[in-house]
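Notes for the one structure printed next.
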Amino acid sequence: MKKLIYFLILLGTVSCKKEFNPENFKGVWMNIDKDGSFSSLPTIMFKNDSVYLEDIYTYVSKGKFKISKNRISYYLKNDTLNYNFSFNSNDSTIVINNYKYSFWEDYSYNESLITYDLIGIKNLGMITTDSLVRFDGGIHLFKNNSGITILKLNEEITSNFNEIHRFQFDIHFDIPVSVIYLGSNLETIDVINSYFELGSINRRAALLLTSYDPKTNLYNGFLDKFQLWDSQIEKYYDYKIPKQIPKSLSREEYFKKYSPSLIKINNKKDINKLNTLKPESSYVISINPKIQIENYLSLKKQLLDIGNKNDINIRTEFNLYFK
């Protein structure tokens with residue numbers, strides 16, 4: 001009888017050691033592909049009663065979590081996610097939703113994770129996490145509690161847009177285009193300011209992300225191509241651009257050469273002017289920087305769709321820094 005009691009106590013002790021206790025793992029869990037490379041799934045961090053899901057460009061979704069036997073639940077702001085769960089104490093791995101995660105001790109655990117809500121627009125276009133890997137770094141734009149526009153560039157937090165053009169972009173990415181995460185309550189001028197900084201390093205497009213769904217691991221957004229006149233860049237930076245070969249056309253020279261129709265977009269109602277565009281014609285779409293950001297995104301997405309379907313020469317401009 002004593003042996004049986006001792007065996008049951010020992011069995012109970014071993015079983016307890018095999019139970020998963022998040023407090024014993026101060027670090028992050030990463031899903032590794034079969035070839036040993038990092039997958040596109042977010043890393044997972046358990047900290048106190050919170051779970052943090054962090055994507056490849058450090059956008060973080062935060063929620064509460066609960067583990068019950070072979071199930072784990074994430075209680076996020078807009079959704080509750082339920083998955084199967086198991087823990088292997090022999091190699092310190094966990095399996096969530098049939099994906100295996102390995103543990104990286106101390107990685108990012110003691111860092112202050114920045115969380116914010118994206119603007120939430122979901123009708124622009126679906127973007128997979130696999131496609132994000134090909135782009136050239138992530139820029140985060142969001143408002144703090146004081147209404148100040150904040151930029152997150154890797155681990156740097158700043159309100160100085162000039163830091164963007166000094167932001168180091170790795171050279172091995174397939175597409176030299178930055179990803180910009182758009183937080184809620186931003187203004188169009190915030191996006192424009194980031195474009196002027198990107199323009200200083202010869203970038204003329206950005207992949208704008210407006211929402212993220214942790215359940216499907218999909219984003220919403222589109223590739224926004226922007227155009228700046230040299231005269232605008234000179235006024236923004238207060239310096240003279242050296243002569244280029246080939247020489248870029250000034251605004252006056254462009255209008256003289258192509259004779260485009262000028263369409264001014266100041267508000268949501270003005271977007272209906274796009275219905276008047278005719279094939280085999282040339283237009284300059286002049287965008288008021290005070291237009292609401294939701295309307296700006298709708299406008300640029302419609303222009304992208306129009307340009308893909310019709311033989312129309314369209315150039316956009318931001319109506320600021322003109323003489």
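Lettering and numbering for the structure tokens are positional, with chains as A, B, ... in the shown order, residues counted from 1 in each chain, and ligands counted from 1 in the shown order.
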
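Inside region 102-190 of chain A, the residues DSSP reads as strand (DSSP E or B) when given the backbone are A:Ser102, A:Phe103, A:Trp104, A:Glu105, A:Leu118, A:Met126, A:Ile127, A:Thr128, A:Gly138, A:Ile139, A:His140, A:Leu141, A:Phe142, A:Lys143, A:Thr149, A:Ile150, A:Leu151, A:Lys152, A:Leu153, A:Glu156, A:Ile157, A:Thr158, A:Ser178, A:Val179, A:Ile180, A:Tyr181, A:Leu182, A:Gly183.
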
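The closest residue to Ser194 (chain A), picked from A:Phe161, A:Phe135, A:Tyr83, A:Phe222 and counting only C-alpha atoms, is A:Phe161.
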
Checklist entry - What gap, in Å, lies between CA of Lys301 (chain A) and CA of Leu208 (chain A)? => result 10.7 Å

Can you list, as a CSV table (one decimal) with N, CA, C and O atoms, in the first residue's frame, every protein, DNA or RNA residue that comes within 8 Å of Thr149 (chain A) when you count only C-alpha atoms, leaving out same-chain residues fewer than 4 positions away?
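After the write, selection-v2.csv holds the following:
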chain,number,residue,atom,x,y,z
A,141,LEU,N,2.9,54.2,-38.3
A,141,LEU,CA,2.4,55.5,-38.0
A,141,LEU,C,1.2,55.4,-37.2
A,141,LEU,O,0.2,54.7,-37.5
A,142,PHE,N,1.2,56.1,-36.0
A,142,PHE,CA,0.0,56.0,-35.2
A,142,PHE,C,0.0,57.2,-34.2
A,142,PHE,O,1.0,57.9,-34.1
A,143,LYS,N,-1.1,57.5,-33.6
A,143,LYS,CA,-1.3,58.6,-32.7
A,143,LYS,C,-1.1,58.1,-31.3
A,143,LYS,O,-1.6,57.0,-30.9
A,144,ASN,N,-0.4,58.9,-30.4
A,144,ASN,CA,-0.3,58.5,-29.0
A,144,ASN,C,-1.5,59.2,-28.3
A,144,ASN,O,-2.4,59.8,-28.9
A,159,SER,N,8.9,61.0,-33.0
A,159,SER,CA,7.9,61.9,-33.7
A,159,SER,C,8.5,62.7,-34.8
A,159,SER,O,7.8,63.5,-35.4
A,186,LEU,N,-5.1,58.8,-37.8
A,186,LEU,CA,-4.1,59.5,-38.6
A,186,LEU,C,-4.8,60.5,-39.5
A,186,LEU,O,-6.0,60.4,-39.8
A,190,ASP,N,0.0,63.1,-42.5
A,190,ASP,CA,0.9,62.2,-41.9
A,190,ASP,C,1.5,61.3,-42.9
A,190,ASP,O,2.7,61.0,-43.0
